[in-house]
Amino acid sequence: MDNSASFSAPNLSRRQLLNFLTGAVVASTAGAALYPAAKFFVPPTEGDDSGRILAKDKLGNPIPASQILSEPPGTRALIAGLAGEPTYLTIQADGTLSSMGIVNNCTHLGCTFPWNGVDHQFQCPCHGSRYDEMGSVVRGPANQPLKIVHVAVENDTIWLSPWTEADPRTGDRPWWVA
Ligand code: FES
């Protein structure tokens with residue numbers, strides 16, 4: 001008796017079932033991948049009258065400073081910042097958070113980028129722009145430094161506020177201030 005046909009040529013109902021299962025897996029996988037990204041860009045609402053807001057994780061929950069500071073010096077922690085912009089916070093050599101957050105938005109065409117801890121640069125994968133640890137351009141095509149924000153820690157809470165005064169890297173008025 002030869003019953004291999006049932007494995008090599010599934011009938012319509014089996015095809016439908018397989019298509020459904022495959023689609024469900026793809027849909028659930030894509031949903032799992034998109035959910036954090038979508039949530040990441042939902043503007044945080046908690047803040048105060050001065051325009052500052054709480055640093056949050058990708059699920060929209062405030063991040064205690066102690067959680068980030070449990071990582072080693074040199075760590076760049078990506079959080080949801082002002083207007084939901086992904087923003088890097090830096091743990092300094094003395095174990096404190098830098099008062100300057102760096103927005104993860106390439107000034108060339110807006111790609112996001114990783115921190116390269118070996119080269120000590122932010123390196124954009126889209127067209128090769130590179131920035132030093134302060135967000136100044138090391139290599140184009142980007143020709144503007146990365147946007148920065150103020151970072152302050154109070155009672156284990158991380159606050160972010162707009163950087164509107166002179167850019168300390170250039171001494172000039174920030175390009176993002178109208
Ligand atoms: S968007 Fe980053 S180099 Fe073009």
# chains A, B, ... in the order shown; residues from 1 in each chain; ligands from 1

call {"tool": "residues_near_ligand", "arguments": {"ligand": "ligand 1", "cutoff": "7 Å", "atoms": "only C-alpha atoms and all ligand atoms", "output": "PDB file with N, CA and C atoms, in the first residue's frame"}}
result
ATOM      1  N   CYS A 106      19.072  60.197  12.584  1.00  0.00           N
ATOM      2  CA  CYS A 106      20.194  60.680  11.761  1.00  0.00           C
ATOM      3  C   CYS A 106      19.816  61.992  11.064  1.00  0.00           C
ATOM      4  N   THR A 107      20.717  62.959  11.111  1.00  0.00           N
ATOM      5  CA  THR A 107      20.406  64.262  10.529  1.00  0.00           C
ATOM      6  C   THR A 107      20.528  64.263   9.012  1.00  0.00           C
ATOM      7  N   HIS A 108      20.913  63.147   8.430  1.00  0.00           N
ATOM      8  CA  HIS A 108      20.918  63.078   6.961  1.00  0.00           C
ATOM      9  C   HIS A 108      19.489  62.877   6.458  1.00  0.00           C
ATOM     10  N   LEU A 109      18.945  61.684   6.671  1.00  0.00           N
ATOM     11  CA  LEU A 109      17.587  61.420   6.190  1.00  0.00           C
ATOM     12  C   LEU A 109      16.718  60.736   7.238  1.00  0.00           C
ATOM     13  N   GLY A 110      17.148  60.794   8.480  1.00  0.00           N
ATOM     14  CA  GLY A 110      16.252  60.365   9.548  1.00  0.00           C
ATOM     15  C   GLY A 110      16.285  58.913   9.957  1.00  0.00           C
ATOM     16  N   CYS A 111      17.260  58.152   9.529  1.00  0.00           N
ATOM     17  CA  CYS A 111      17.339  56.761   9.980  1.00  0.00           C
ATOM     18  C   CYS A 111      17.710  56.705  11.457  1.00  0.00           C
ATOM     19  N   CYS A 124      25.355  55.231  11.404  1.00  0.00           N
ATOM     20  CA  CYS A 124      24.091  55.074  10.689  1.00  0.00           C
ATOM     21  C   CYS A 124      24.239  54.046   9.571  1.00  0.00           C
ATOM     22  N   PRO A 125      23.367  53.045   9.555  1.00  0.00           N
ATOM     23  CA  PRO A 125      23.478  51.985   8.555  1.00  0.00           C
ATOM     24  C   PRO A 125      22.952  52.394   7.178  1.00  0.00           C
ATOM     25  N   CYS A 126      22.249  53.506   7.092  1.00  0.00           N
ATOM     26  CA  CYS A 126      21.598  53.845   5.822  1.00  0.00           C
ATOM     27  C   CYS A 126      22.583  54.346   4.763  1.00  0.00           C
ATOM     28  N   HIS A 127      23.367  55.352   5.097  1.00  0.00           N
ATOM     29  CA  HIS A 127      24.300  55.899   4.107  1.00  0.00           C
ATOM     30  C   HIS A 127      25.679  56.135   4.696  1.00  0.00           C
ATOM     31  N   GLY A 128      25.919  55.602   5.889  1.00  0.00           N
ATOM     32  CA  GLY A 128      27.278  55.606   6.431  1.00  0.00           C
ATOM     33  C   GLY A 128      27.680  56.796   7.279  1.00  0.00           C
ATOM     34  N   SER A 129      26.758  57.672   7.623  1.00  0.00           N
ATOM     35  CA  SER A 129      27.146  58.783   8.490  1.00  0.00           C
ATOM     36  C   SER A 129      27.607  58.252   9.845  1.00  0.00           C
ATOM     37  N   GLY A 140      30.250  62.242   6.908  1.00  0.00           N
ATOM     38  CA  GLY A 140      28.977  62.481   6.263  1.00  0.00           C
ATOM     39  C   GLY A 140      28.443  61.235   5.603  1.00  0.00           C
ATOM     40  N   PRO A 141      27.341  61.394   4.864  1.00  0.00           N
ATOM     41  CA  PRO A 141      26.786  62.637   4.309  1.00  0.00           C
ATOM     42  C   PRO A 141      26.065  63.564   5.310  1.00  0.00           C
ATOM     43  N   ALA A 142      25.781  63.139   6.521  1.00  0.00           N
ATOM     44  CA  ALA A 142      25.147  64.059   7.477  1.00  0.00           C
ATOM     45  C   ALA A 142      26.071  65.259   7.676  1.00  0.00           C
TER      46      ALA A 142
END

call {"tool": "select_by_dssp", "arguments": {"residues": "range 50-166 of chain A", "states": "alpha helix (DSSP H)", "output": "list in words"}}
result
Ala65, Ser66, Gln67, Ile68 and Leu69 of chain A

call {"tool": "write_last_selection", "arguments": {"atoms": "C-alpha atoms", "output": "CSV table (one decimal), in the first residue's frame"}}
result
chain,number,residue,atom,x,y,z
A,65,ALA,CA,17.2,55.7,36.9
A,66,SER,CA,18.4,52.8,39.0
A,67,GLN,CA,17.3,50.4,36.3
A,68,ILE,CA,19.5,52.0,33.7
A,69,LEU,CA,22.4,52.7,36.2

call {"tool": "closest_residue", "arguments": {"among": "A:Ala178, A:Val153, A:Leu160, A:Leu146", "to": "Ala80 in chain A", "atoms": "only C-alpha atoms"}}
result
A:Leu160

call {"tool": "atom_distance", "arguments": {"atom1": "CA of Gly171 in chain A", "atom2": "CA of Gln92 in chain A"}}
result
22.7 Å

call {"tool": "atom_distance", "arguments": {"atom1": "CA of Arg130 in chain A", "atom2": "CA of Pro114 in chain A"}}
result
10.3 Å

call {"tool": "atom_distance", "arguments": {"atom1": "CA of Asp132 in chain A", "atom2": "CA of Arg52 in chain A"}}
result
26.0 Å

call {"tool": "closest_residue", "arguments": {"among": "A:Arg76, A:Thr164, A:Glu133, A:Ile148", "to": "Ile102 in chain A", "atoms": "only C-alpha atoms"}}
result
A:Ile148

call {"tool": "closest_residue", "arguments": {"among": "A:Val149, A:Ile158, A:Val103, A:Met134", "to": "Lys56 in chain A", "atoms": "only C-alpha atoms"}}
result
A:Ile158

call {"tool": "select_by_dssp", "arguments": {"residues": "range 40-110 of chain A", "states": "strand (DSSP E or B)", "output": "VMD selection string"}}
result
chain A and resid 47 53 to 54 56 62 64 76 to 80 86 to 91 97 100 to 103

call {"tool": "write_last_selection", "arguments": {"atoms": "N, CA and C atoms", "output": "mmCIF file, in the first residue's frame"}}
result
data_model
loop_
_atom_site.group_PDB
_atom_site.id
_atom_site.type_symbol
_atom_site.label_atom_id
_atom_site.label_comp_id
_atom_site.auth_asym_id
_atom_site.auth_seq_id
_atom_site.Cartn_x
_atom_site.Cartn_y
_atom_site.Cartn_z
ATOM 1 N N GLY A 47 4.242 64.585 32.357
ATOM 2 C CA GLY A 47 5.215 65.651 32.344
ATOM 3 C C GLY A 47 4.761 66.733 33.297
ATOM 4 N N ILE A 53 9.401 65.807 30.433
ATOM 5 C CA ILE A 53 8.622 64.570 30.479
ATOM 6 C C ILE A 53 9.473 63.466 31.092
ATOM 7 N N LEU A 54 8.798 62.407 31.490
ATOM 8 C CA LEU A 54 9.499 61.254 32.053
ATOM 9 C C LEU A 54 10.098 60.409 30.946
ATOM 10 N N LYS A 56 10.781 56.984 29.270
ATOM 11 C CA LYS A 56 9.989 55.760 29.318
ATOM 12 C C LYS A 56 10.633 54.656 28.497
ATOM 13 N N PRO A 62 7.419 54.450 32.687
ATOM 14 C CA PRO A 62 8.563 55.234 33.164
ATOM 15 C C PRO A 62 9.706 54.319 33.591
ATOM 16 N N PRO A 64 12.904 53.736 35.913
ATOM 17 C CA PRO A 64 13.658 54.231 37.070
ATOM 18 C C PRO A 64 15.127 54.412 36.683
ATOM 19 N N ARG A 76 24.975 52.805 26.516
ATOM 20 C CA ARG A 76 24.005 53.722 25.908
ATOM 21 C C ARG A 76 22.653 53.048 25.991
ATOM 22 N N ALA A 77 21.747 53.638 26.758
ATOM 23 C CA ALA A 77 20.415 53.063 26.935
ATOM 24 C C ALA A 77 19.432 53.822 26.068
ATOM 25 N N LEU A 78 18.677 53.090 25.276
ATOM 26 C CA LEU A 78 17.713 53.723 24.376
ATOM 27 C C LEU A 78 16.353 53.794 25.059
ATOM 28 N N ILE A 79 15.825 54.990 25.174
ATOM 29 C CA ILE A 79 14.529 55.193 25.839
ATOM 30 C C ILE A 79 13.620 56.016 24.920
ATOM 31 N N ALA A 80 12.351 56.083 25.264
ATOM 32 C CA ALA A 80 11.417 56.937 24.524
ATOM 33 C C ALA A 80 11.474 58.321 25.151
ATOM 34 N N PRO A 86 13.070 58.261 20.009
ATOM 35 C CA PRO A 86 14.037 57.378 20.674
ATOM 36 C C PRO A 86 15.304 58.172 20.997
ATOM 37 N N THR A 87 15.765 58.035 22.234
ATOM 38 C CA THR A 87 16.862 58.876 22.714
ATOM 39 C C THR A 87 17.846 58.030 23.517
ATOM 40 N N TYR A 88 19.129 58.261 23.234
ATOM 41 C CA TYR A 88 20.171 57.546 23.967
ATOM 42 C C TYR A 88 20.534 58.292 25.241
ATOM 43 N N LEU A 89 20.576 57.544 26.358
ATOM 44 C CA LEU A 89 21.113 58.057 27.606
ATOM 45 C C LEU A 89 22.458 57.371 27.838
ATOM 46 N N THR A 90 23.422 58.128 28.322
ATOM 47 C CA THR A 90 24.772 57.600 28.494
ATOM 48 C C THR A 90 25.122 57.465 29.976
ATOM 49 N N ILE A 91 25.622 56.286 30.345
ATOM 50 C CA ILE A 91 26.161 56.110 31.697
ATOM 51 C C ILE A 91 27.634 56.496 31.650
ATOM 52 N N LEU A 97 24.312 59.330 35.165
ATOM 53 C CA LEU A 97 23.779 59.558 33.820
ATOM 54 C C LEU A 97 24.277 60.900 33.285
ATOM 55 N N MET A 100 23.174 65.026 29.088
ATOM 56 C CA MET A 100 22.845 65.237 27.669
ATOM 57 C C MET A 100 22.347 63.923 27.063
ATOM 58 N N GLY A 101 21.115 63.930 26.581
ATOM 59 C CA GLY A 101 20.599 62.793 25.850
ATOM 60 C C GLY A 101 20.748 63.043 24.358
ATOM 61 N N ILE A 102 20.979 61.999 23.598
ATOM 62 C CA ILE A 102 21.201 62.133 22.152
ATOM 63 C C ILE A 102 20.069 61.446 21.404
ATOM 64 N N VAL A 103 19.391 62.205 20.572
ATOM 65 C CA VAL A 103 18.228 61.687 19.851
ATOM 66 C C VAL A 103 18.676 60.778 18.709
#

call {"tool": "closest_residue", "arguments": {"among": "A:Phe113, A:Trp176, A:Trp159, A:Tyr131", "to": "Gly51 in chain A", "atoms": "only C-alpha atoms"}}
result
A:Trp159

call {"tool": "residues_around", "arguments": {"residues": "Ala93 in chain A", "least_positions_apart": "5", "cutoff": "12 Å", "atoms": "only C-alpha atoms", "output": "JSON list (two decimals) with C-alpha atoms, in the first residue's frame"}}
result
[["chain", "number", "residue", "atom", "x", "y", "z"],
["A", 69, "LEU", "CA", 22.37, 52.69, 36.16],
["A", 71, "GLU", "CA", 24.35, 48.69, 33.60],
["A", 72, "PRO", "CA", 28.11, 49.31, 33.33],
["A", 73, "PRO", "CA", 29.67, 52.71, 32.56],
["A", 74, "GLY", "CA", 29.75, 53.40, 28.85],
["A", 75, "THR", "CA", 26.31, 51.90, 28.29],
["A", 98, "SER", "CA", 25.04, 62.19, 31.41]]

call {"tool": "closest_residue", "arguments": {"among": "A:Asn155, A:Ser136, A:Asn105, A:Ser161", "to": "Leu82 in chain A", "atoms": "only C-alpha atoms"}}
result
A:Ser161
